[in-house]
file target_26.csv (CSV, N, CA and C atoms)
chain,number,residue,atom,x,y,z
A,1,MET,N,-5.4,22.2,-9.2
A,1,MET,CA,-5.0,20.9,-8.7
A,1,MET,C,-5.9,20.6,-7.5
A,2,THR,N,-6.4,19.4,-7.5
A,2,THR,CA,-7.3,19.0,-6.3
A,2,THR,C,-6.4,18.6,-5.1
A,3,ILE,N,-7.1,18.6,-4.0
A,3,ILE,CA,-6.4,18.2,-2.8
A,3,ILE,C,-5.9,16.7,-2.9
A,4,ARG,N,-6.8,15.9,-3.5
A,4,ARG,CA,-6.4,14.5,-3.8
A,4,ARG,C,-5.1,14.4,-4.6
A,5,ALA,N,-5.1,15.2,-5.7
A,5,ALA,CA,-3.9,15.1,-6.6
A,5,ALA,C,-2.6,15.7,-5.8
A,6,TYR,N,-2.8,16.8,-5.1
A,6,TYR,CA,-1.7,17.4,-4.4
A,6,TYR,C,-1.1,16.4,-3.4
A,7,ILE,N,-1.9,15.8,-2.5
A,7,ILE,CA,-1.4,14.9,-1.5
A,7,ILE,C,-0.8,13.6,-2.2
A,8,THR,N,-1.5,13.1,-3.2
A,8,THR,CA,-0.9,11.9,-3.9
A,8,THR,C,0.4,12.2,-4.5
A,9,ASP,N,0.6,13.4,-5.1
A,9,ASP,CA,1.8,13.8,-5.8
A,9,ASP,C,2.9,14.0,-4.7
A,10,LYS,N,2.6,14.7,-3.7
A,10,LYS,CA,3.6,15.1,-2.6
A,10,LYS,C,4.1,13.8,-2.0
A,11,LEU,N,3.3,12.8,-1.8
A,11,LEU,CA,3.7,11.6,-1.1
A,11,LEU,C,3.7,10.4,-2.0
A,12,LYS,N,4.0,10.6,-3.3
A,12,LYS,CA,4.1,9.6,-4.3
A,12,LYS,C,5.0,8.4,-3.9
A,13,ALA,N,6.1,8.8,-3.3
A,13,ALA,CA,7.1,7.8,-3.0
A,13,ALA,C,6.6,6.8,-2.0
A,14,TYR,N,5.6,7.1,-1.3
A,14,TYR,CA,5.0,6.3,-0.2
A,14,TYR,C,3.8,5.4,-0.7
A,15,GLY,N,3.5,5.6,-1.9
A,15,GLY,CA,2.4,4.7,-2.5
A,15,GLY,C,1.1,5.0,-1.8
A,16,ILE,N,0.6,6.2,-1.8
A,16,ILE,CA,-0.7,6.6,-1.2
A,16,ILE,C,-1.8,5.8,-1.8
A,17,THR,N,-2.7,5.2,-1.1
A,17,THR,CA,-3.8,4.5,-1.6
A,17,THR,C,-5.1,5.3,-1.5
A,18,GLU,N,-6.1,4.9,-2.3
A,18,GLU,CA,-7.4,5.5,-2.2
A,18,GLU,C,-8.0,5.4,-0.8
A,19,ALA,N,-7.7,4.2,-0.2
A,19,ALA,CA,-8.3,4.0,1.2
A,19,ALA,C,-7.7,5.0,2.2
A,20,GLN,N,-6.4,5.3,2.0
A,20,GLN,CA,-5.8,6.4,2.9
A,20,GLN,C,-6.4,7.7,2.6
A,21,LEU,N,-6.7,8.0,1.4
A,21,LEU,CA,-7.4,9.3,1.1
A,21,LEU,C,-8.8,9.4,1.7
A,22,VAL,N,-9.5,8.2,1.6
A,22,VAL,CA,-10.8,8.2,2.2
A,22,VAL,C,-10.7,8.4,3.7
A,23,ASP,N,-9.7,7.8,4.4
A,23,ASP,CA,-9.5,8.0,5.8
A,23,ASP,C,-9.2,9.5,6.1
A,24,LEU,N,-8.4,10.1,5.2
A,24,LEU,CA,-8.1,11.5,5.4
A,24,LEU,C,-9.4,12.4,5.3
A,25,TYR,N,-10.2,12.0,4.3
A,25,TYR,CA,-11.5,12.8,4.2
A,25,TYR,C,-12.4,12.6,5.5
A,26,ILE,N,-12.4,11.4,6.0
A,26,ILE,CA,-13.2,11.1,7.2
A,26,ILE,C,-12.7,11.9,8.4
A,27,SER,N,-11.4,11.9,8.5
A,27,SER,CA,-10.8,12.6,9.7
A,27,SER,C,-10.7,14.1,9.6
A,28,SER,N,-10.5,14.6,8.4
A,28,SER,CA,-10.3,16.0,8.3
A,28,SER,C,-11.5,16.8,7.7
A,29,GLY,N,-12.4,16.1,7.0
A,29,GLY,CA,-13.6,16.7,6.4
A,29,GLY,C,-13.2,17.5,5.2
A,30,LEU,N,-12.0,17.5,4.7
A,30,LEU,CA,-11.6,18.2,3.5
A,30,LEU,C,-12.2,17.5,2.3
A,31,LYS,N,-12.8,18.3,1.4
A,31,LYS,CA,-13.3,17.7,0.2
A,31,LYS,C,-12.2,17.5,-0.8
A,32,LEU,N,-11.8,16.2,-1.0
A,32,LEU,CA,-10.6,15.9,-1.7
A,32,LEU,C,-10.6,16.3,-3.2
A,33,ASP,N,-11.8,16.5,-3.7
A,33,ASP,CA,-11.9,16.9,-5.2
A,33,ASP,C,-12.0,18.4,-5.3
A,34,SER,N,-11.9,19.1,-4.2
A,34,SER,CA,-11.9,20.6,-4.4
A,34,SER,C,-10.5,21.1,-4.7
A,35,ASP,N,-10.4,22.3,-5.2
A,35,ASP,CA,-9.2,22.9,-5.6
A,35,ASP,C,-8.4,23.2,-4.4
A,36,VAL,N,-7.1,22.8,-4.4
A,36,VAL,CA,-6.2,23.0,-3.2
A,36,VAL,C,-6.1,24.5,-2.9
A,37,MET,N,-6.2,25.4,-3.9
A,37,MET,CA,-6.0,26.8,-3.7
A,37,MET,C,-7.2,27.4,-3.0
A,38,ASP,N,-8.4,26.7,-3.1
A,38,ASP,CA,-9.6,27.3,-2.5
A,38,ASP,C,-9.8,26.9,-1.0
A,39,ASN,N,-8.8,26.2,-0.5
A,39,ASN,CA,-8.9,25.7,0.9
A,39,ASN,C,-7.9,26.4,1.8
A,40,ASP,N,-8.1,26.3,3.1
A,40,ASP,CA,-7.1,26.8,4.1
A,40,ASP,C,-5.8,26.0,4.0
A,41,PRO,N,-4.7,26.7,3.7
A,41,PRO,CA,-3.4,26.0,3.5
A,41,PRO,C,-3.0,25.2,4.7
A,42,THR,N,-3.3,25.7,5.9
A,42,THR,CA,-2.9,25.0,7.1
A,42,THR,C,-3.7,23.7,7.2
A,43,ALA,N,-5.0,23.7,6.9
A,43,ALA,CA,-5.8,22.5,7.0
A,43,ALA,C,-5.2,21.5,6.0
A,44,VAL,N,-4.9,21.9,4.8
A,44,VAL,CA,-4.3,21.0,3.8
A,44,VAL,C,-2.9,20.5,4.3
A,45,GLY,N,-2.1,21.3,4.9
A,45,GLY,CA,-0.8,20.9,5.4
A,45,GLY,C,-0.9,19.9,6.5
A,46,ILE,N,-1.9,20.2,7.4
A,46,ILE,CA,-2.1,19.2,8.5
A,46,ILE,C,-2.5,17.9,8.0
A,47,ALA,N,-3.4,17.9,7.0
A,47,ALA,CA,-3.9,16.6,6.4
A,47,ALA,C,-2.7,15.9,5.7
A,48,LEU,N,-1.8,16.6,5.1
A,48,LEU,CA,-0.6,16.0,4.5
A,48,LEU,C,0.2,15.4,5.5
A,49,THR,N,0.4,16.1,6.6
A,49,THR,CA,1.3,15.6,7.7
A,49,THR,C,0.6,14.3,8.3
A,50,GLN,N,-0.7,14.3,8.5
A,50,GLN,CA,-1.3,13.1,9.1
A,50,GLN,C,-1.3,11.9,8.1
A,51,THR,N,-1.3,12.2,6.8
A,51,THR,CA,-1.2,11.1,5.9
A,51,THR,C,0.2,10.5,5.9
A,52,LEU,N,1.2,11.4,6.0
A,52,LEU,CA,2.6,10.9,6.1
A,52,LEU,C,2.8,10.1,7.4
A,53,GLU,N,2.1,10.5,8.5
A,53,GLU,CA,2.2,9.7,9.8
A,53,GLU,C,1.7,8.3,9.5
A,54,GLU,N,0.6,8.1,8.8
A,54,GLU,CA,0.0,6.8,8.6
A,54,GLU,C,1.0,6.0,7.7
A,55,CYS,N,1.6,6.6,6.7
A,55,CYS,CA,2.6,5.9,5.9
A,55,CYS,C,3.8,5.4,6.7
A,56,ILE,N,4.2,6.2,7.6
A,56,ILE,CA,5.4,5.8,8.4
A,56,ILE,C,5.0,4.7,9.3
A,57,LEU,N,3.8,4.7,9.9
A,57,LEU,CA,3.4,3.6,10.8
A,57,LEU,C,3.0,2.4,10.1
A,58,ALA,N,2.6,2.4,8.9
A,58,ALA,CA,2.1,1.2,8.1
A,58,ALA,C,3.3,0.3,8.0
A,59,PRO,N,3.0,-1.0,8.2
A,59,PRO,CA,4.1,-2.0,8.1
A,59,PRO,C,4.6,-2.1,6.7
A,60,ARG,N,5.9,-2.0,6.5
A,60,ARG,CA,6.5,-2.2,5.2
A,60,ARG,C,7.9,-2.6,5.3
A,61,LEU,N,8.5,-3.1,4.3
A,61,LEU,CA,9.9,-3.4,4.3
A,61,LEU,C,10.7,-2.2,4.1
A,62,SER,N,12.0,-2.2,4.7
A,62,SER,CA,12.8,-1.1,4.5
A,62,SER,C,13.6,-1.1,3.2
A,63,SER,N,13.6,-2.3,2.5
A,63,SER,CA,14.2,-2.4,1.2
A,63,SER,C,13.6,-3.6,0.5
A,64,VAL,N,13.6,-3.5,-0.9
A,64,VAL,CA,13.1,-4.5,-1.7
A,64,VAL,C,14.1,-4.7,-2.9
A,65,SER,N,14.3,-6.0,-3.2
A,65,SER,CA,15.2,-6.3,-4.3
A,65,SER,C,14.7,-7.4,-5.1
A,66,GLU,N,14.6,-7.3,-6.4
A,66,GLU,CA,14.0,-8.3,-7.2
A,66,GLU,C,14.6,-8.2,-8.6
A,67,SER,N,15.1,-9.3,-9.2
A,67,SER,CA,15.5,-9.3,-10.6
A,67,SER,C,16.5,-8.2,-10.9
A,68,GLY,N,17.4,-7.9,-10.1
A,68,GLY,CA,18.4,-6.8,-10.3
A,68,GLY,C,17.9,-5.4,-10.0
A,69,PHE,N,16.7,-5.2,-9.6
A,69,PHE,CA,16.1,-3.9,-9.3
A,69,PHE,C,16.0,-3.9,-7.8
A,70,SER,N,16.5,-2.8,-7.2
A,70,SER,CA,16.3,-2.7,-5.7
A,70,SER,C,15.8,-1.3,-5.4
A,71,MET,N,15.1,-1.2,-4.3
A,71,MET,CA,14.6,0.1,-3.8
A,71,MET,C,14.6,0.0,-2.3
A,72,SER,N,15.1,1.1,-1.7
A,72,SER,CA,15.1,1.2,-0.2
A,72,SER,C,14.6,2.6,0.2
A,73,TRP,N,14.2,2.7,1.5
A,73,TRP,CA,13.7,3.9,2.0
A,73,TRP,C,14.7,4.4,3.1
A,74,ASN,N,15.0,5.7,3.0
A,74,ASN,CA,15.9,6.3,3.9
A,74,ASN,C,15.0,6.9,5.0
A,75,TYR,N,14.9,6.2,6.1
A,75,TYR,CA,14.0,6.6,7.2
A,75,TYR,C,14.5,7.8,7.9
A,76,ASP,N,15.9,8.0,7.9
A,76,ASP,CA,16.4,9.3,8.5
A,76,ASP,C,15.9,10.5,7.8
A,77,SER,N,15.9,10.4,6.4
A,77,SER,CA,15.4,11.5,5.6
A,77,SER,C,13.8,11.6,5.8
A,78,VAL,N,13.1,10.5,5.9
A,78,VAL,CA,11.7,10.6,6.1
A,78,VAL,C,11.4,11.3,7.4
A,79,GLY,N,12.2,11.0,8.5
A,79,GLY,CA,12.0,11.6,9.8
A,79,GLY,C,12.2,13.1,9.7
A,80,LYS,N,13.3,13.5,9.0
A,80,LYS,CA,13.5,14.9,8.9
A,80,LYS,C,12.4,15.6,8.1
A,81,TYR,N,11.9,15.0,7.1
A,81,TYR,CA,10.8,15.6,6.3
A,81,TYR,C,9.5,15.7,7.2
A,82,TYR,N,9.3,14.6,8.0
A,82,TYR,CA,8.1,14.6,8.9
A,82,TYR,C,8.2,15.7,9.9
A,83,LEU,N,9.4,15.9,10.6
A,83,LEU,CA,9.6,16.9,11.6
A,83,LEU,C,9.4,18.3,10.9
A,84,TRP,N,9.9,18.5,9.7
A,84,TRP,CA,9.8,19.7,9.0
A,84,TRP,C,8.4,20.1,8.8
A,85,LEU,N,7.6,19.1,8.3
A,85,LEU,CA,6.2,19.3,8.1
A,85,LEU,C,5.4,19.7,9.4
A,86,CYS,N,5.8,19.0,10.5
A,86,CYS,CA,5.2,19.3,11.8
A,86,CYS,C,5.5,20.7,12.2
A,87,ARG,N,6.7,21.2,12.0
A,87,ARG,CA,7.1,22.6,12.4
A,87,ARG,C,6.3,23.5,11.5
A,88,LYS,N,6.3,23.2,10.2
A,88,LYS,CA,5.7,24.1,9.2
A,88,LYS,C,4.2,24.4,9.5
A,89,TRP,N,3.5,23.3,9.8
A,89,TRP,CA,2.1,23.4,10.0
A,89,TRP,C,1.6,23.4,11.4
A,90,GLY,N,2.6,23.5,12.4
A,90,GLY,CA,2.2,23.6,13.8
A,90,GLY,C,1.6,22.4,14.4
A,91,VAL,N,2.0,21.2,13.9
A,91,VAL,CA,1.5,19.9,14.3
A,91,VAL,C,2.4,19.4,15.4
A,92,THR,N,1.9,18.9,16.5
A,92,THR,CA,2.7,18.2,17.5
A,92,THR,C,3.1,16.9,17.0
A,93,PRO,N,4.4,16.5,16.9
A,93,PRO,CA,4.8,15.2,16.4
A,93,PRO,C,4.2,14.1,17.2
A,94,ASN,N,3.8,13.1,16.5
A,94,ASN,CA,3.2,11.9,17.1
A,94,ASN,C,4.3,11.0,17.7
A,95,ASP,N,4.2,10.7,19.0
A,95,ASP,CA,5.2,9.9,19.7
A,95,ASP,C,5.4,8.5,19.1
A,96,ASP,N,4.4,7.9,18.6
A,96,ASP,CA,4.5,6.6,18.0
A,96,ASP,C,5.3,6.7,16.7
A,97,VAL,N,5.1,7.8,15.9
A,97,VAL,CA,5.8,8.0,14.7
A,97,VAL,C,7.3,8.2,15.0
A,98,LEU,N,7.6,9.1,16.0
A,98,LEU,CA,8.9,9.4,16.4
A,98,LEU,C,9.7,8.1,16.8
A,99,GLY,N,9.0,7.3,17.6
A,99,GLY,CA,9.6,6.0,18.0
A,99,GLY,C,9.9,5.1,16.9
A,100,MET,N,9.0,5.0,15.9
A,100,MET,CA,9.2,4.2,14.7
A,100,MET,C,10.4,4.7,13.9
A,101,LEU,N,10.6,6.0,13.9
A,101,LEU,CA,11.7,6.5,13.2
A,101,LEU,C,13.0,6.6,14.0
A,102,GLY,N,12.9,6.3,15.3
A,102,GLY,CA,14.1,6.3,16.1
A,102,GLY,C,14.5,7.7,16.4
A,103,ILE,N,13.6,8.7,16.5
A,103,ILE,CA,13.9,10.1,16.8
A,103,ILE,C,13.5,10.4,18.2
A,104,SER,N,14.4,11.0,19.0
A,104,SER,CA,14.0,11.4,20.3
A,104,SER,C,13.9,12.9,20.3
A,105,THR,N,13.0,13.5,21.1
A,105,THR,CA,12.9,14.9,21.1
A,105,THR,C,13.0,15.4,22.6
A,106,ILE,N,13.5,16.6,22.7
A,106,ILE,CA,13.6,17.2,24.0
A,106,ILE,C,12.5,18.3,24.1
A,107,ILE,N,11.8,18.2,25.2
A,107,ILE,CA,10.8,19.1,25.5
A,107,ILE,C,11.2,20.0,26.6
A,108,ASP,N,11.2,21.3,26.4
A,108,ASP,CA,11.6,22.3,27.4
A,108,ASP,C,10.5,22.4,28.4
A,109,ARG,N,10.8,22.0,29.7
A,109,ARG,CA,9.8,22.0,30.8
A,109,ARG,C,10.2,23.1,31.8
A,110,THR,N,11.1,24.0,31.5
A,110,THR,CA,11.6,24.9,32.5
A,110,THR,C,10.5,25.8,33.0
A,111,ASP,N,9.4,26.0,32.3
A,111,ASP,CA,8.3,26.9,32.7
A,111,ASP,C,7.6,26.2,33.9
A,112,ASN,N,7.7,24.9,34.0
A,112,ASN,CA,7.0,24.2,35.1
A,112,ASN,C,7.6,24.3,36.4
A,113,TRP,N,8.8,24.9,36.5
A,113,TRP,CA,9.5,25.0,37.8
A,113,TRP,C,9.1,26.2,38.5
call {"tool": "encode", "arguments": {"input": "target_26.csv", "output": "structure tokens"}}
result
Amino acid sequence: MTIRAYITDKLKAYGITEAQLVDLYISSGLKLDSDVMDNDPTAVGIALTQTLEECILAPRLSSVSESGFSMSWNYDSVGKYYLWLCRKWGVTPNDDVLGMLGISTIIDRTDNW
């Protein structure tokens, strides 16, 4: 499975575009058509997390309803998934993303005393 297919499948619910994947290539340097198993798992995980950050910050409706079909996004669940990915891959959560999701974090500053 290529990195392109892996990230597209993992974030399918967010409608990943080719432009987002190109941005990912530019920022990470990962060759998107290389096999995911031939790459550093942490680099791929960080790229996945960064792509999710962009999806969260991109303007979109929280729900859509048309002709009897409705779809909505559970941002509480998205936030938990984002924080889990950050912990898993050692990424510092982006303050803008946390603010968008309405998540506050506590930072232990006791070492500064």
call {"tool": "atom_distance", "arguments": {"input": "target_26.csv", "atom1": "atom C of A:Cys55", "atom2": "atom CA of A:Arg4"}}
result
17.2 Å
call {"tool": "residues_around", "arguments": {"input": "target_26.csv", "residues": "A:Asp33", "least_positions_apart": "4", "cutoff": "10 Å", "atoms": "only C-alpha atoms", "output": "PyMOL selection string"}}
result
chain A and resi 1-5
call {"tool": "residues_around", "arguments": {"input": "target_26.csv", "residues": "A:Thr17", "least_positions_apart": "5", "cutoff": "8 Å", "atoms": "all atoms listed in the file", "output": "list in words"}}
result
Thr8, Val22 and Asp23 of chain A
call {"tool": "select_by_dssp", "arguments": {"input": "target_26.csv", "residues": "chain A", "states": "strand (DSSP E)", "output": "VMD selection string"}}
result
chain A and resid 63 to 66 69 to 72
call {"tool": "residues_near_point", "arguments": {"input": "target_26.csv", "point": "(17.5, 13.0, 13.2)", "cutoff": "7 Å", "atoms": "all atoms listed in the file", "output": "PyMOL selection string"}}
result
chain A and resi 76+79-80+102-104
call {"tool": "closest_residue", "arguments": {"input": "target_26.csv", "among": "A:Tyr6, A:Trp89, A:Ser72, A:Lys12", "to": "A:Leu32", "atoms": "only C-alpha atoms"}}
result
A:Tyr6
call {"tool": "atom_distance", "arguments": {"input": "target_26.csv", "atom1": "atom C of A:Trp84", "atom2": "atom C of A:Leu24"}}
result
19.7 Å
call {"tool": "residues_around", "arguments": {"input": "target_26.csv", "residues": "A:Leu85", "least_positions_apart": "4", "cutoff": "12 Å", "atoms": "only C-alpha atoms", "output": "short mmCIF file (atom, residue, chain, number, x, y, z; two decimals) with N, CA and C atoms, in the frame of the given file"}}
result
data_model
loop_
_atom_site.label_atom_id
_atom_site.label_comp_id
_atom_site.auth_asym_id
_atom_site.auth_seq_id
_atom_site.Cartn_x
_atom_site.Cartn_y
_atom_site.Cartn_z
N LYS A 10 2.60 14.70 -3.70
CA LYS A 10 3.60 15.10 -2.60
C LYS A 10 4.10 13.80 -2.00
N THR A 42 -3.30 25.70 5.90
CA THR A 42 -2.90 25.00 7.10
C THR A 42 -3.70 23.70 7.20
N VAL A 44 -4.90 21.90 4.80
CA VAL A 44 -4.30 21.00 3.80
C VAL A 44 -2.90 20.50 4.30
N GLY A 45 -2.10 21.30 4.90
CA GLY A 45 -0.80 20.90 5.40
C GLY A 45 -0.90 19.90 6.50
N ILE A 46 -1.90 20.20 7.40
CA ILE A 46 -2.10 19.20 8.50
C ILE A 46 -2.50 17.90 8.00
N ALA A 47 -3.40 17.90 7.00
CA ALA A 47 -3.90 16.60 6.40
C ALA A 47 -2.70 15.90 5.70
N LEU A 48 -1.80 16.60 5.10
CA LEU A 48 -0.60 16.00 4.50
C LEU A 48 0.20 15.40 5.50
N THR A 49 0.40 16.10 6.60
CA THR A 49 1.30 15.60 7.70
C THR A 49 0.60 14.30 8.30
N GLN A 50 -0.70 14.30 8.50
CA GLN A 50 -1.30 13.10 9.10
C GLN A 50 -1.30 11.90 8.10
N THR A 51 -1.30 12.20 6.80
CA THR A 51 -1.20 11.10 5.90
C THR A 51 0.20 10.50 5.90
N LEU A 52 1.20 11.40 6.00
CA LEU A 52 2.60 10.90 6.10
C LEU A 52 2.80 10.10 7.40
N GLU A 53 2.10 10.50 8.50
CA GLU A 53 2.20 9.70 9.80
C GLU A 53 1.70 8.30 9.50
N VAL A 78 13.10 10.50 5.90
CA VAL A 78 11.70 10.60 6.10
C VAL A 78 11.40 11.30 7.40
N GLY A 79 12.20 11.00 8.50
CA GLY A 79 12.00 11.60 9.80
C GLY A 79 12.20 13.10 9.70
N LYS A 80 13.30 13.50 9.00
CA LYS A 80 13.50 14.90 8.90
C LYS A 80 12.40 15.60 8.10
N TYR A 81 11.90 15.00 7.10
CA TYR A 81 10.80 15.60 6.30
C TYR A 81 9.50 15.70 7.20
N TRP A 89 3.50 23.30 9.80
CA TRP A 89 2.10 23.40 10.00
C TRP A 89 1.60 23.40 11.40
N GLY A 90 2.60 23.50 12.40
CA GLY A 90 2.20 23.60 13.80
C GLY A 90 1.60 22.40 14.40
N VAL A 91 2.00 21.20 13.90
CA VAL A 91 1.50 19.90 14.30
C VAL A 91 2.40 19.40 15.40
N THR A 92 1.90 18.90 16.50
CA THR A 92 2.70 18.20 17.50
C THR A 92 3.10 16.90 17.00
N PRO A 93 4.40 16.50 16.90
CA PRO A 93 4.80 15.20 16.40
C PRO A 93 4.20 14.10 17.20
#
call {"tool": "atom_distance", "arguments": {"input": "target_26.csv", "atom1": "atom C of A:Ile7", "atom2": "atom N of A:Asp96"}}
result
22.2 Å
